[in-house]
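Colleague: My file is run_13.pdb. It has PDB, C-alpha atoms:
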```
ATOM      1  CA  MET A   1      26.536  19.290 -19.573
ATOM      2  CA  PRO A   2      23.061  20.307 -18.355
ATOM      3  CA  ARG A   3      21.545  23.216 -20.276
ATOM      4  CA  PRO A   4      20.807  26.491 -18.418
ATOM      5  CA  THR A   5      17.060  25.763 -18.429
ATOM      6  CA  ALA A   6      17.656  22.449 -16.675
ATOM      7  CA  ARG A   7      19.773  24.194 -14.040
ATOM      8  CA  VAL A   8      17.098  26.853 -13.494
ATOM      9  CA  LEU A   9      14.561  24.094 -12.867
ATOM     10  CA  ALA A  10      17.074  22.373 -10.596
ATOM     11  CA  LEU A  11      17.393  25.613  -8.615
ATOM     12  CA  LEU A  12      13.605  25.762  -8.272
ATOM     13  CA  GLU A  13      13.563  22.157  -7.044
ATOM     14  CA  ILE A  14      16.184  22.960  -4.388
ATOM     15  CA  LEU A  15      14.283  26.034  -3.216
ATOM     16  CA  GLN A  16      11.066  24.004  -3.023
ATOM     17  CA  GLY A  17      12.795  21.899  -0.395
ATOM     18  CA  GLY A  18      12.381  24.829   1.987
ATOM     19  CA  GLY A  19      14.737  26.990   3.986
ATOM     20  CA  THR A  20      17.273  29.604   2.943
ATOM     21  CA  HIS A  21      20.188  28.508   0.756
ATOM     22  CA  THR A  22      23.376  30.518   0.406
ATOM     23  CA  ALA A  23      24.624  31.464  -3.031
ATOM     24  CA  LEU A  24      27.803  29.474  -2.364
ATOM     25  CA  ASP A  25      25.862  26.327  -1.483
ATOM     26  CA  LEU A  26      23.605  26.691  -4.539
ATOM     27  CA  ALA A  27      26.598  27.283  -6.796
ATOM     28  CA  ARG A  28      28.250  24.119  -5.516
ATOM     29  CA  ARG A  29      25.092  22.027  -5.977
ATOM     30  CA  LEU A  30      24.413  23.379  -9.466
ATOM     31  CA  ASP A  31      28.067  23.277 -10.524
ATOM     32  CA  VAL A  32      28.118  26.975 -11.490
ATOM     33  CA  ASP A  33      29.531  30.177  -9.994
ATOM     34  CA  GLU A  34      27.648  32.496  -7.630
ATOM     35  CA  ARG A  35      27.066  35.100 -10.318
ATOM     36  CA  THR A  36      25.261  32.504 -12.422
ATOM     37  CA  VAL A  37      23.125  31.553  -9.434
ATOM     38  CA  ARG A  38      21.987  35.174  -9.177
ATOM     39  CA  ARG A  39      21.127  35.135 -12.874
ATOM     40  CA  TYR A  40      19.095  31.940 -12.456
ATOM     41  CA  ALA A  41      17.226  33.508  -9.514
ATOM     42  CA  GLU A  42      16.414  36.535 -11.662
ATOM     43  CA  HIS A  43      15.150  34.210 -14.385
ATOM     44  CA  LEU A  44      12.758  32.596 -11.895
ATOM     45  CA  LEU A  45      11.547  36.060 -10.880
ATOM     46  CA  ASP A  46      10.857  36.811 -14.552
ATOM     47  CA  LEU A  47       8.659  33.688 -14.546
ATOM     48  CA  ASP A  48       6.703  35.088 -11.562
ATOM     49  CA  VAL A  49       8.282  32.627  -9.156
ATOM     50  CA  PRO A  50       8.700  34.669  -5.928
ATOM     51  CA  VAL A  51      12.333  34.031  -5.059
ATOM     52  CA  GLU A  52      13.367  36.113  -2.068
ATOM     53  CA  SER A  53      16.909  37.361  -1.526
ATOM     54  CA  VAL A  54      17.824  37.307   2.167
ATOM     55  CA  ARG A  55      20.653  39.623   3.245
ATOM     56  CA  GLY A  56      23.079  39.120   6.103
ATOM     57  CA  ARG A  57      25.541  36.554   7.356
ATOM     58  CA  TYR A  58      23.051  33.695   6.992
ATOM     59  CA  GLY A  59      21.368  35.126   3.913
ATOM     60  CA  GLY A  60      20.799  33.604   0.528
ATOM     61  CA  TYR A  61      17.741  32.635  -1.504
ATOM     62  CA  ARG A  62      14.389  31.145  -0.591
ATOM     63  CA  LEU A  63      10.852  30.867  -1.934
ATOM     64  CA  ALA A  64       8.253  33.266  -0.549
ATOM     65  CA  PRO A  65       5.692  31.542   1.753
ATOM     66  CA  GLY A  66       2.398  30.721   0.067
ATOM     67  CA  PHE A  67       3.887  30.377  -3.416
ATOM     68  CA  ARG A  68       1.765  28.074  -5.581
ATOM     69  CA  MET A  69       3.299  26.428  -8.586
ATOM     70  CA  PRO A  70       0.762  26.038 -11.406
ATOM     71  CA  PRO A  71       0.340  22.235 -10.904
ATOM     72  CA  LEU A  72      -0.508  22.885  -7.247
ATOM     73  CA  MET A  73      -3.284  25.458  -7.540
ATOM     74  CA  LEU A  74      -5.265  23.699  -4.844
ATOM     75  CA  THR A  75      -8.475  24.723  -3.150
ATOM     76  CA  ASP A  76      -8.847  24.094   0.593
ATOM     77  CA  GLU A  77     -10.760  20.889  -0.131
ATOM     78  CA  GLU A  78      -8.208  19.703  -2.688
ATOM     79  CA  ALA A  79      -5.281  20.369  -0.355
ATOM     80  CA  LEU A  80      -6.994  18.403   2.412
ATOM     81  CA  ALA A  81      -7.683  15.536  -0.001
ATOM     82  CA  VAL A  82      -4.000  15.350  -1.033
ATOM     83  CA  LEU A  83      -2.555  15.443   2.479
ATOM     84  CA  LEU A  84      -5.190  13.158   3.969
ATOM     85  CA  GLY A  85      -4.603  10.713   1.136
ATOM     86  CA  LEU A  86      -0.886  10.565   1.935
ATOM     87  CA  VAL A  87      -1.529   9.975   5.637
ATOM     88  CA  ALA A  88      -4.441   7.558   5.260
ATOM     89  CA  GLY A  89      -2.718   5.630   2.484
ATOM     90  CA  HIS A  90       0.259   4.828   4.697
ATOM     91  CA  ARG A  91      -1.919   3.898   7.658
ATOM     92  CA  ALA A  92      -4.024   1.578   5.502
ATOM     93  CA  GLY A  93      -0.948  -0.137   4.078
ATOM     94  CA  LEU A  94      -1.470   1.255   0.587
ATOM     95  CA  ALA A  95       1.846   3.058   0.380
ATOM     96  CA  THR A  96       3.471   3.123  -3.050
ATOM     97  CA  ALA A  97       6.638   4.847  -1.845
ATOM     98  CA  SER A  98       8.792   4.989   1.240
ATOM     99  CA  ARG A  99       7.589   6.870   4.299
ATOM    100  CA  GLU A 100      10.373   9.386   3.686
ATOM    101  CA  ALA A 101       9.084  10.059   0.154
ATOM    102  CA  ALA A 102       5.509  10.488   1.392
ATOM    103  CA  GLU A 103       6.602  12.857   4.149
ATOM    104  CA  ALA A 104       8.707  14.862   1.690
ATOM    105  CA  ALA A 105       5.745  15.119  -0.704
ATOM    106  CA  ALA A 106       3.458  16.266   2.109
ATOM    107  CA  ALA A 107       6.027  18.848   3.207
ATOM    108  CA  LYS A 108       6.247  20.252  -0.328
ATOM    109  CA  VAL A 109       2.471  20.580  -0.548
ATOM    110  CA  ARG A 110       2.384  22.341   2.825
ATOM    111  CA  ARG A 111       5.097  24.779   1.784
ATOM    112  CA  VAL A 112       3.210  26.005  -1.273
ATOM    113  CA  LEU A 113      -0.043  26.570   0.630
ATOM    114  CA  PRO A 114      -1.029  29.976   1.993
ATOM    115  CA  SER A 115      -0.053  30.289   5.641
ATOM    116  CA  THR A 116      -3.674  30.423   6.890
ATOM    117  CA  LEU A 117      -4.685  27.214   5.119
ATOM    118  CA  ALA A 118      -1.428  25.472   6.102
ATOM    119  CA  ALA A 119      -2.047  26.337   9.767
ATOM    120  CA  ARG A 120      -5.578  24.962   9.602
ATOM    121  CA  LEU A 121      -4.430  21.695   8.060
ATOM    122  CA  ASP A 122      -1.590  21.359  10.581
ATOM    123  CA  ALA A 123      -4.157  21.816  13.355
ATOM    124  CA  LEU A 124      -6.361  19.115  11.851
ATOM    125  CA  PHE A 125      -3.590  16.532  11.642
ATOM    126  CA  ALA A 126      -2.205  17.450  15.074
ATOM    127  CA  THR A 127      -5.582  16.779  16.698
ATOM    128  CA  THR A 128      -6.709  13.758  14.649
ATOM    129  CA  ASP A 129      -6.471  10.197  15.911
ATOM    130  CA  PHE A 130      -7.370   6.910  14.207
ATOM    131  CA  THR A 131      -9.346   4.003  15.611
ATOM    132  CA  ALA A 132      -7.682   1.457  13.337
ATOM    133  CA  PRO A 133      -4.038   0.593  14.091
ATOM    134  CA  GLU A 134      -1.450   1.535  11.518
ATOM    135  CA  ARG A 135      -0.887  -1.357   9.136
ATOM    136  CA  GLU A 136       2.623  -2.534   8.416
ATOM    137  CA  THR A 137       3.459  -1.809   4.792
ATOM    138  CA  THR A 138       5.690  -3.523   2.278
ATOM    139  CA  THR A 139       6.683  -0.951  -0.311
ATOM    140  CA  PRO A 140       7.456  -1.970  -3.901
ATOM    141  CA  GLU A 141       9.989  -0.161  -6.042
ATOM    142  CA  THR A 142       8.353   2.822  -7.706
ATOM    143  CA  SER A 143       9.870   1.949 -11.086
ATOM    144  CA  VAL A 144       8.499  -1.600 -10.819
ATOM    145  CA  MET A 145       4.977  -0.391 -10.108
ATOM    146  CA  LEU A 146       4.974   2.246 -12.846
ATOM    147  CA  ARG A 147       6.344  -0.082 -15.519
ATOM    148  CA  LEU A 148       3.871  -2.838 -14.647
ATOM    149  CA  ALA A 149       1.056  -0.291 -14.686
ATOM    150  CA  ALA A 150       2.159   0.839 -18.143
ATOM    151  CA  ALA A 151       2.284  -2.773 -19.328
ATOM    152  CA  ALA A 152      -1.190  -3.454 -17.954
ATOM    153  CA  ARG A 153      -2.602  -0.285 -19.540
ATOM    154  CA  GLN A 154      -0.997  -0.953 -22.927
ATOM    155  CA  ARG A 155      -1.729  -4.708 -22.776
ATOM    156  CA  ARG A 156       1.974  -5.438 -23.249
ATOM    157  CA  PRO A 157       3.789  -8.501 -21.827
ATOM    158  CA  ALA A 158       6.288  -7.706 -19.065
ATOM    159  CA  VAL A 159       9.523  -9.558 -18.359
ATOM    160  CA  ILE A 160      10.113  -9.589 -14.605
ATOM    161  CA  VAL A 161      12.849 -10.790 -12.268
ATOM    162  CA  TYR A 162      11.056 -12.367  -9.308
ATOM    163  CA  THR A 163      12.260 -13.820  -6.008
ATOM    164  CA  ASN A 164       9.830 -16.290  -4.430
ATOM    165  CA  ARG A 165       9.329 -16.731  -0.698
ATOM    166  CA  GLY A 166      11.932 -19.485  -0.692
ATOM    167  CA  GLY A 167      14.568 -17.060  -1.994
ATOM    168  CA  ARG A 168      14.730 -18.561  -5.497
ATOM    169  CA  ARG A 169      15.204 -15.955  -8.221
ATOM    170  CA  SER A 170      13.860 -16.379 -11.743
ATOM    171  CA  GLU A 171      13.032 -14.438 -14.881
ATOM    172  CA  ARG A 172       9.622 -14.882 -16.436
ATOM    173  CA  THR A 173       7.179 -13.150 -18.762
ATOM    174  CA  VAL A 174       3.830 -12.088 -17.331
ATOM    175  CA  HIS A 175       0.712 -10.727 -18.952
ATOM    176  CA  PRO A 176      -0.260  -8.174 -16.278
ATOM    177  CA  TYR A 177      -4.061  -8.257 -16.250
ATOM    178  CA  GLY A 178      -4.219  -5.914 -13.257
ATOM    179  CA  ILE A 179      -2.529  -4.546 -10.136
ATOM    180  CA  VAL A 180      -4.163  -5.081  -6.747
ATOM    181  CA  ALA A 181      -3.563  -3.582  -3.288
ATOM    182  CA  HIS A 182      -4.447  -6.031  -0.501
ATOM    183  CA  SER A 183      -3.659  -6.064   3.227
ATOM    184  CA  GLY A 184      -0.607  -3.814   3.061
ATOM    185  CA  ARG A 185       0.915  -5.349  -0.062
ATOM    186  CA  TRP A 186       0.709  -4.807  -3.825
ATOM    187  CA  TYR A 187       0.233  -7.650  -6.312
ATOM    188  CA  VAL A 188       0.106  -8.164 -10.055
ATOM    189  CA  THR A 189      -1.892 -11.023 -11.531
ATOM    190  CA  GLY A 190      -1.937 -12.613 -14.968
ATOM    191  CA  PRO A 191      -0.711 -15.606 -17.008
ATOM    192  CA  ASP A 192       2.881 -16.627 -16.332
ATOM    193  CA  SER A 193       5.284 -18.009 -18.949
ATOM    194  CA  VAL A 194       7.020 -20.389 -16.513
ATOM    195  CA  SER A 195       3.956 -22.214 -15.207
ATOM    196  CA  GLY A 196       1.615 -21.449 -18.085
ATOM    197  CA  GLU A 197      -1.080 -20.678 -15.520
ATOM    198  CA  LEU A 198      -2.734 -17.638 -13.977
ATOM    199  CA  ARG A 199      -0.404 -16.437 -11.216
ATOM    200  CA  THR A 200      -0.179 -13.722  -8.563
ATOM    201  CA  PHE A 201       3.127 -11.993  -7.783
ATOM    202  CA  ARG A 202       4.048  -9.619  -4.960
ATOM    203  CA  LEU A 203       5.444  -6.384  -6.338
ATOM    204  CA  ASP A 204       7.982  -5.983  -3.524
ATOM    205  CA  ARG A 205       9.598  -9.250  -4.685
ATOM    206  CA  ILE A 206      10.041  -7.971  -8.240
ATOM    207  CA  THR A 207      13.390  -6.286  -8.802
ATOM    208  CA  GLN A 208      13.351  -5.653 -12.557
ATOM    209  CA  VAL A 209      10.671  -5.034 -15.177
ATOM    210  CA  ARG A 210      10.931  -4.456 -18.884
ATOM    211  CA  LEU A 211       8.186  -4.362 -21.471
ATOM    212  CA  ALA A 212       8.289  -7.019 -24.176
ATOM    213  CA  GLN A 213       6.978  -7.059 -27.724
ATOM    214  CA  GLY A 214       3.429  -8.132 -28.504
ATOM    215  CA  THR A 215       0.029  -7.589 -26.959
ATOM    216  CA  PHE A 216      -2.543  -9.593 -25.028
ATOM    217  CA  THR A 217      -6.279  -9.477 -24.326
ATOM    218  CA  VAL A 218      -7.843  -9.550 -20.866
ATOM    219  CA  PRO A 219     -10.816 -11.965 -20.674
ATOM    220  CA  ASP A 220     -14.235 -10.350 -20.368
ATOM    221  CA  GLY A 221     -15.393 -10.034 -16.776
ATOM    222  CA  PHE A 222     -11.931 -10.672 -15.336
ATOM    223  CA  ARG A 223     -11.673  -9.204 -11.812
ATOM    224  CA  PRO A 224      -8.034  -8.948 -10.634
ATOM    225  CA  ALA A 225      -8.985  -8.390  -6.976
ATOM    226  CA  ASP A 226     -11.050 -11.601  -6.876
ATOM    227  CA  VAL A 227      -8.194 -13.583  -8.411
ATOM    228  CA  VAL A 228      -5.666 -12.216  -5.901
ATOM    229  CA  ARG A 229      -7.922 -13.005  -2.937
ATOM    230  CA  ALA A 230      -8.499 -16.549  -4.196
ATOM    231  CA  SER A 231      -4.779 -17.005  -4.842
ATOM    232  CA  LEU A 232      -3.798 -15.871  -1.355
ATOM    233  CA  ALA A 233      -6.486 -18.023   0.220
ATOM    234  CA  GLY A 234      -4.930 -20.994  -1.583
ATOM    235  CA  THR A 235      -1.379 -20.403  -0.344
ATOM    236  CA  PRO A 236      -0.031 -23.563   1.343
ATOM    237  CA  TRP A 237      -0.167 -23.497   5.147
ATOM    238  CA  ARG A 238       0.077 -25.997   7.966
ATOM    239  CA  HIS A 239      -3.669 -26.686   8.211
ATOM    240  CA  GLU A 240      -6.249 -27.276   5.468
ATOM    241  CA  VAL A 241      -9.573 -26.116   6.927
ATOM    242  CA  ALA A 242     -13.034 -26.949   5.568
ATOM    243  CA  ILE A 243     -16.161 -25.768   7.372
ATOM    244  CA  ALA A 244     -19.793 -26.119   6.290
ATOM    245  CA  VAL A 245     -21.849 -23.033   7.134
ATOM    246  CA  GLN A 246     -25.585 -22.484   6.849
ATOM    247  CA  GLY A 247     -26.309 -19.512   4.592
ATOM    248  CA  THR A 248     -25.702 -18.185   1.100
ATOM    249  CA  ALA A 249     -22.246 -17.455  -0.270
ATOM    250  CA  ASP A 250     -22.879 -13.693  -0.130
ATOM    251  CA  GLU A 251     -24.131 -13.842   3.466
ATOM    252  CA  VAL A 252     -21.103 -15.800   4.642
ATOM    253  CA  HIS A 253     -18.609 -13.748   2.618
ATOM    254  CA  THR A 254     -19.729 -10.507   4.247
ATOM    255  CA  ARG A 255     -19.093 -11.929   7.731
ATOM    256  CA  LEU A 256     -15.591 -13.242   7.018
ATOM    257  CA  PRO A 257     -12.437 -11.112   7.035
ATOM    258  CA  ARG A 258     -11.602 -10.244   3.434
ATOM    259  CA  GLY A 259      -9.209 -12.492   1.611
ATOM    260  CA  ILE A 260      -8.844 -15.327   4.116
ATOM    261  CA  ALA A 261     -11.140 -17.946   2.572
ATOM    262  CA  THR A 262     -13.022 -19.190  -0.458
ATOM    263  CA  VAL A 263     -16.750 -19.888  -0.248
ATOM    264  CA  GLU A 264     -18.454 -22.365  -2.580
ATOM    265  CA  PRO A 265     -21.738 -24.294  -2.755
ATOM    266  CA  HIS A 266     -21.911 -27.407  -0.589
ATOM    267  CA  ALA A 267     -23.592 -30.170  -2.518
ATOM    268  CA  GLY A 268     -23.615 -32.512   0.450
ATOM    269  CA  HIS A 269     -25.832 -30.388   2.710
ATOM    270  CA  GLY A 270     -28.324 -28.837   0.321
ATOM    271  CA  PRO A 271     -28.791 -25.342  -1.161
ATOM    272  CA  ASP A 272     -28.858 -23.605   2.253
ATOM    273  CA  TRP A 273     -25.265 -24.538   3.102
ATOM    274  CA  VAL A 274     -21.911 -23.452   1.715
ATOM    275  CA  LEU A 275     -18.387 -24.777   2.157
ATOM    276  CA  VAL A 276     -15.735 -22.413   3.498
ATOM    277  CA  ARG A 277     -12.157 -23.399   2.696
ATOM    278  CA  LEU A 278      -9.035 -21.745   4.046
ATOM    279  CA  ARG A 279      -5.481 -22.476   5.077
ATOM    280  CA  ALA A 280      -3.974 -21.531   8.421
ATOM    281  CA  GLN A 281      -0.669 -21.849  10.181
ATOM    282  CA  GLN A 282      -2.387 -21.797  13.588
ATOM    283  CA  LEU A 283      -5.956 -22.705  14.550
ATOM    284  CA  ASP A 284      -6.380 -20.692  17.728
ATOM    285  CA  TRP A 285      -7.816 -17.623  15.967
ATOM    286  CA  LEU A 286     -10.563 -19.517  14.142
ATOM    287  CA  PRO A 287     -13.098 -19.986  16.988
ATOM    288  CA  GLY A 288     -13.587 -16.234  17.278
ATOM    289  CA  VAL A 289     -14.037 -15.901  13.508
ATOM    290  CA  LEU A 290     -16.606 -18.728  13.469
ATOM    291  CA  ALA A 291     -18.462 -17.175  16.400
ATOM    292  CA  GLU A 292     -18.689 -13.910  14.425
ATOM    293  CA  LEU A 293     -20.524 -15.737  11.640
ATOM    294  CA  GLY A 294     -23.573 -16.030  13.864
ATOM    295  CA  ARG A 295     -24.700 -19.108  11.915
ATOM    296  CA  PRO A 296     -24.716 -22.894  12.385
ATOM    297  CA  PHE A 297     -21.535 -24.550  11.162
ATOM    298  CA  LEU A 298     -19.931 -27.989  10.971
ATOM    299  CA  VAL A 299     -16.196 -28.588  11.117
ATOM    300  CA  GLU A 300     -15.295 -31.026   8.349
ATOM    301  CA  GLU A 301     -11.529 -30.774   8.668
ATOM    302  CA  PRO A 302      -9.217 -30.861  10.489
ATOM    303  CA  ALA A 303     -10.645 -32.789  13.419
ATOM    304  CA  GLN A 304      -8.154 -30.954  15.650
ATOM    305  CA  LEU A 305     -10.171 -27.765  15.130
ATOM    306  CA  ARG A 306     -13.101 -29.272  17.071
ATOM    307  CA  ASP A 307     -10.878 -29.607  20.155
ATOM    308  CA  VAL A 308      -9.629 -26.033  19.718
ATOM    309  CA  ILE A 309     -13.212 -24.710  19.521
ATOM    310  CA  SER A 310     -14.287 -26.797  22.515
ATOM    311  CA  ALA A 311     -11.423 -25.472  24.657
ATOM    312  CA  TRP A 312     -12.106 -21.897  23.532
ATOM    313  CA  THR A 313     -15.805 -22.263  24.366
ATOM    314  CA  HIS A 314     -14.969 -23.613  27.825
ATOM    315  CA  ARG A 315     -12.688 -20.634  28.530
ATOM    316  CA  VAL A 316     -15.271 -18.109  27.337
ATOM    317  CA  ALA A 317     -18.023 -19.771  29.412
ATOM    318  CA  GLY A 318     -15.746 -19.712  32.461
ATOM    319  CA  CYS A 319     -15.084 -15.989  32.023
ATOM    320  CA  ALA A 320     -18.812 -15.340  31.580
ATOM    321  CA  THR A 321     -19.593 -16.796  35.005
ATOM    322  CA  ALA A 322     -16.538 -15.352  36.787
ATOM    323  CA  THR A 323     -17.134 -12.598  39.335
ATOM    324  CA  THR A 324     -13.532 -11.639  40.153
ATOM    325  CA  PRO A 325     -10.369 -11.050  38.100
ATOM    326  CA  GLN A 326      -8.802 -14.088  39.742
ATOM    327  CA  GLU A 327     -11.694 -16.327  38.675
ATOM    328  CA  ALA A 328     -11.584 -14.964  35.104
ATOM    329  CA  THR A 329      -7.828 -15.565  34.891
ATOM    330  CA  ALA A 330      -8.221 -19.107  36.219
ATOM    331  CA  ALA A 331     -11.043 -19.822  33.786
ATOM    332  CA  TRP A 332      -9.071 -18.627  30.772
ATOM    333  CA  TYR A 333      -5.763 -20.282  31.582
ATOM    334  CA  GLY A 334      -7.204 -23.363  33.327
ATOM    335  CA  THR A 335      -5.326 -22.710  36.558
TER     336      THR A 335
END
```
Any chance you could put this one into structure tokens?
Modeller:
Amino acid sequence: MPRPTARVLALLEILQGGGTHTALDLARRLDVDERTVRRYAEHLLDLDVPVESVRGRYGGYRLAPGFRMPPLMLTDEEALAVLLGLVAGHRAGLATASREAAEAAAAKVRRVLPSTLAARLDALFATTDFTAPERETTTPETSVMLRLAAAARQRRPAVIVYTNRGGRRSERTVHPYGIVAHSGRWYVTGPDSVSGELRTFRLDRITQVRLAQGTFTVPDGFRPADVVRASLAGTPWRHEVAIAVQGTADEVHTRLPRGIATVEPHAGHGPDWVLVRLRAQQLDWLPGVLAELGRPFLVEEPAQLRDVISAWTHRVAGCATATTPQEATAAWYGT
């Protein structure tokens, strides 16, 4: 049976959800009688929690507006940082919980803010728009993320149950060197007991985690984000693409979308050229990316990419000389 203190805290949690709750409803949810509910409410008042008693047919108990629990003594700037973080995190694909959980957390923060500050923040979010489209998110289980984070922090091996993209399920032991957020997904990277190699696993494909005995050491200079990007760039796709580009590795890296390619020195063309390697399911998006490089390049493979670039260039040139919508449409579609 829960102790009275636990039920008092449970009552506070219910009241934090907002609205007015009848004594009968609270009694049913706490598994006590209505008289005990009144005693719990008085106990919260003794703790300086402003529980209001609402009389009438639809009366009951509620928290006074503007009540701040001690962990949420937020300044205006801090409150904005918390709420903006919840909104921006979901839009950027960095969500670590469901949208419902994030919205519930934001609602709780709003409810404990003074009415003036809450109105100002509501006005800000009601009138704010974003230039970047909202990224689709894949949310891992909260327990999975927290246990892997604990394993990584404590340098403890973690036994995970993982389902690969082919649907095959397996249990393996991983040394979690680090957790990485990338393009709307969360990953953990480290040595894997099954392959014996450094591996990258998507957290949303992990269903169970338990910490194992022992410890491990992370190599000096190990950068989890770099390993994840390289791992994703090496994922098998339909086309293996290799392109020589004039410039240094840093110069080329900054002009490529993050995480799509690896860049390495190109011994065959001298110190001023690098080799860009990537894998792609389709080639039609690559001409625009190569044009954005703003540097000379040579297609080494596949030869099919040369035809794709040539056709793309012809369409762009046709649109550049078109003077009517009909001419532009004909130039692009070859009609």
Colleague: Quick one: which residues end up in the PyMOL selection byres ((chain A and resi 238) around 10) for this structure, as a ChimeraX atom specification?
Modeller: /A:236-237,239-241,279-283
Colleague: In terms of the shortest atom-to-atom distance over only C-alpha atoms, which of A:Thr324, A:Thr5, A:Ser231, A:Gln16 is closest to A:Leu278?
Modeller: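 The closest residue to A:Leu278 is A:Ser231.
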Colleague: I need the output of the PyMOL selection byres ((chain A and resi 163) around 10) for this file as an MDAnalysis selection string; which residues are they?
Modeller: chainID A and resid 160:162 164:171 201:202 204:207
Colleague: So the first atom is atom CA of A:Asp122 and the second is atom CA of A:Val49; what is the distance between them in Å, to one decimal place?
Modeller: 24.8 Å
Colleague: Need the shell around stretch 187-191 of chain A: protein/DNA/RNA residues with any atom at most 6 Å away, counting only C-alpha atoms. Skip same-chain ones fewer than 2 positions apart. Format as number ranges by chain?
Modeller: A: 174-180, 197-203
Colleague: Those residues you just picked out, can you put them in a file as a JSON list (two decimals), in the frame of the given file with C-alpha atoms?
Modeller:
```json
[["chain", "number", "residue", "atom", "x", "y", "z"],
["A", 174, "VAL", "CA", 3.83, -12.09, -17.33],
["A", 175, "HIS", "CA", 0.71, -10.73, -18.95],
["A", 176, "PRO", "CA", -0.26, -8.17, -16.28],
["A", 177, "TYR", "CA", -4.06, -8.26, -16.25],
["A", 178, "GLY", "CA", -4.22, -5.91, -13.26],
["A", 179, "ILE", "CA", -2.53, -4.55, -10.14],
["A", 180, "VAL", "CA", -4.16, -5.08, -6.75],
["A", 197, "GLU", "CA", -1.08, -20.68, -15.52],
["A", 198, "LEU", "CA", -2.73, -17.64, -13.98],
["A", 199, "ARG", "CA", -0.40, -16.44, -11.22],
["A", 200, "THR", "CA", -0.18, -13.72, -8.56],
["A", 201, "PHE", "CA", 3.13, -11.99, -7.78],
["A", 202, "ARG", "CA", 4.05, -9.62, -4.96],
["A", 203, "LEU", "CA", 5.44, -6.38, -6.34]]
```
Colleague: Run through the PyMOL selection byres ((chain A and resi 173) around 6) on the given coordinates and return the selected residues as a ChimeraX atom specification.
Modeller: /A:158-159,172,174,193
Colleague: Next, dump the selected residues to file, keeping only C-alpha atoms, as an mmCIF file, in the frame of the given file.
Modeller:
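Printed below is selection05.cif as written:
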```
data_model
loop_
_atom_site.group_PDB
_atom_site.id
_atom_site.type_symbol
_atom_site.label_atom_id
_atom_site.label_comp_id
_atom_site.auth_asym_id
_atom_site.auth_seq_id
_atom_site.Cartn_x
_atom_site.Cartn_y
_atom_site.Cartn_z
ATOM 1 C CA ALA A 158 6.288 -7.706 -19.065
ATOM 2 C CA VAL A 159 9.523 -9.558 -18.359
ATOM 3 C CA ARG A 172 9.622 -14.882 -16.436
ATOM 4 C CA VAL A 174 3.830 -12.088 -17.331
ATOM 5 C CA SER A 193 5.284 -18.009 -18.949
#
```
Colleague: Just how far from atom CA of A:Ala249 is atom CA of A:Val228, in Å to one decimal?
Modeller: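 If I compute the distance from atom CA of A:Val228 to atom CA of A:Ala249, I get 18.3 Å.
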Colleague: Go ahead and compute the interatomic distance for atom CA of A:Pro296 and atom CA of A:Val245, in Å to one decimal.
Modeller: 6.0 Å
Colleague: Is there a way to get, as a VMD selection string, all residues within 7 Å of the point (12.3, 28.5, -8.2) in file coordinates, counting only C-alpha atoms?
Modeller: chain A and resid 9 11 to 13 15 to 16 44 49 51 63
Colleague: My list of candidates is A:Ala225, A:Leu80, A:Val308, A:Leu290. Which is closest to A:Ala123 when distances are computed with all atoms listed in the file?
Modeller: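 When distances to A:Ala123 are compared using all atoms listed in the file, the smallest one comes from A:Leu80.
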Colleague: Could you list, as a list of chain:residue names, every residue within 10 Å of A:Ala317, counting only C-alpha atoms and ignoring same-chain residues fewer than 6 positions away?
Modeller: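 What passes the distance filter is A:Ala311, A:Ala328, A:Ala331, A:Trp332.
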Colleague: Which residues of stretch 184-289 of chain A sit at most 7 Å from stretch 138-157 of chain A, using all atoms listed in the file? Give each one's shortest atom pair and distance in Å (one decimal place), in chain and ascending residue order, as a tab-separated table.
Modeller:
```
residue	atom	partner	partner_atom	distance
A:Gly184	CA	A:Thr138	CA	6.4
A:Arg185	CA	A:Thr138	CA	5.6
A:Leu203	CA	A:Pro140	CA	5.4
A:Asp204	CA	A:Pro140	CA	4.1
A:Gln208	CA	A:Val144	CA	6.6
A:Val209	CA	A:Val144	CA	6.0
A:Leu211	CA	A:Pro157	CA	6.0
A:Ala212	CA	A:Pro157	CA	5.3
A:Gln213	CA	A:Pro157	CA	6.9
A:Gly214	CA	A:Arg156	CA	6.1
A:Thr215	CA	A:Arg156	CA	4.7
A:Phe216	CA	A:Arg155	CA	5.4
A:Thr217	CA	A:Arg155	CA	6.8
```
Colleague: Taking the partial coordinates given, rebuild stretch 201-206 of chain A to contain N, CA and C atoms; return it as a PDB file, in the coordinates of the input.
Modeller:
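Output file result29.pdb is given in full below:
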```pdb
ATOM      1  N   PHE A 201       1.770 -12.307  -8.228  1.00  0.00           N
ATOM      2  CA  PHE A 201       3.127 -11.993  -7.783  1.00  0.00           C
ATOM      3  C   PHE A 201       3.115 -10.748  -6.900  1.00  0.00           C
ATOM      4  N   ARG A 202       3.882 -10.797  -5.808  1.00  0.00           N
ATOM      5  CA  ARG A 202       4.048  -9.619  -4.960  1.00  0.00           C
ATOM      6  C   ARG A 202       5.007  -8.635  -5.619  1.00  0.00           C
ATOM      7  N   LEU A 203       4.612  -7.370  -5.672  1.00  0.00           N
ATOM      8  CA  LEU A 203       5.444  -6.384  -6.338  1.00  0.00           C
ATOM      9  C   LEU A 203       6.746  -6.115  -5.600  1.00  0.00           C
ATOM     10  N   ASP A 204       6.746  -6.257  -4.255  1.00  0.00           N
ATOM     11  CA  ASP A 204       7.982  -5.983  -3.524  1.00  0.00           C
ATOM     12  C   ASP A 204       9.020  -7.070  -3.730  1.00  0.00           C
ATOM     13  N   ARG A 205       8.646  -8.191  -4.361  1.00  0.00           N
ATOM     14  CA  ARG A 205       9.598  -9.250  -4.685  1.00  0.00           C
ATOM     15  C   ARG A 205      10.075  -9.178  -6.131  1.00  0.00           C
ATOM     16  N   ILE A 206       9.613  -8.171  -6.858  1.00  0.00           N
ATOM     17  CA  ILE A 206      10.041  -7.971  -8.240  1.00  0.00           C
ATOM     18  C   ILE A 206      11.125  -6.899  -8.248  1.00  0.00           C
TER      19      ILE A 206
END
```
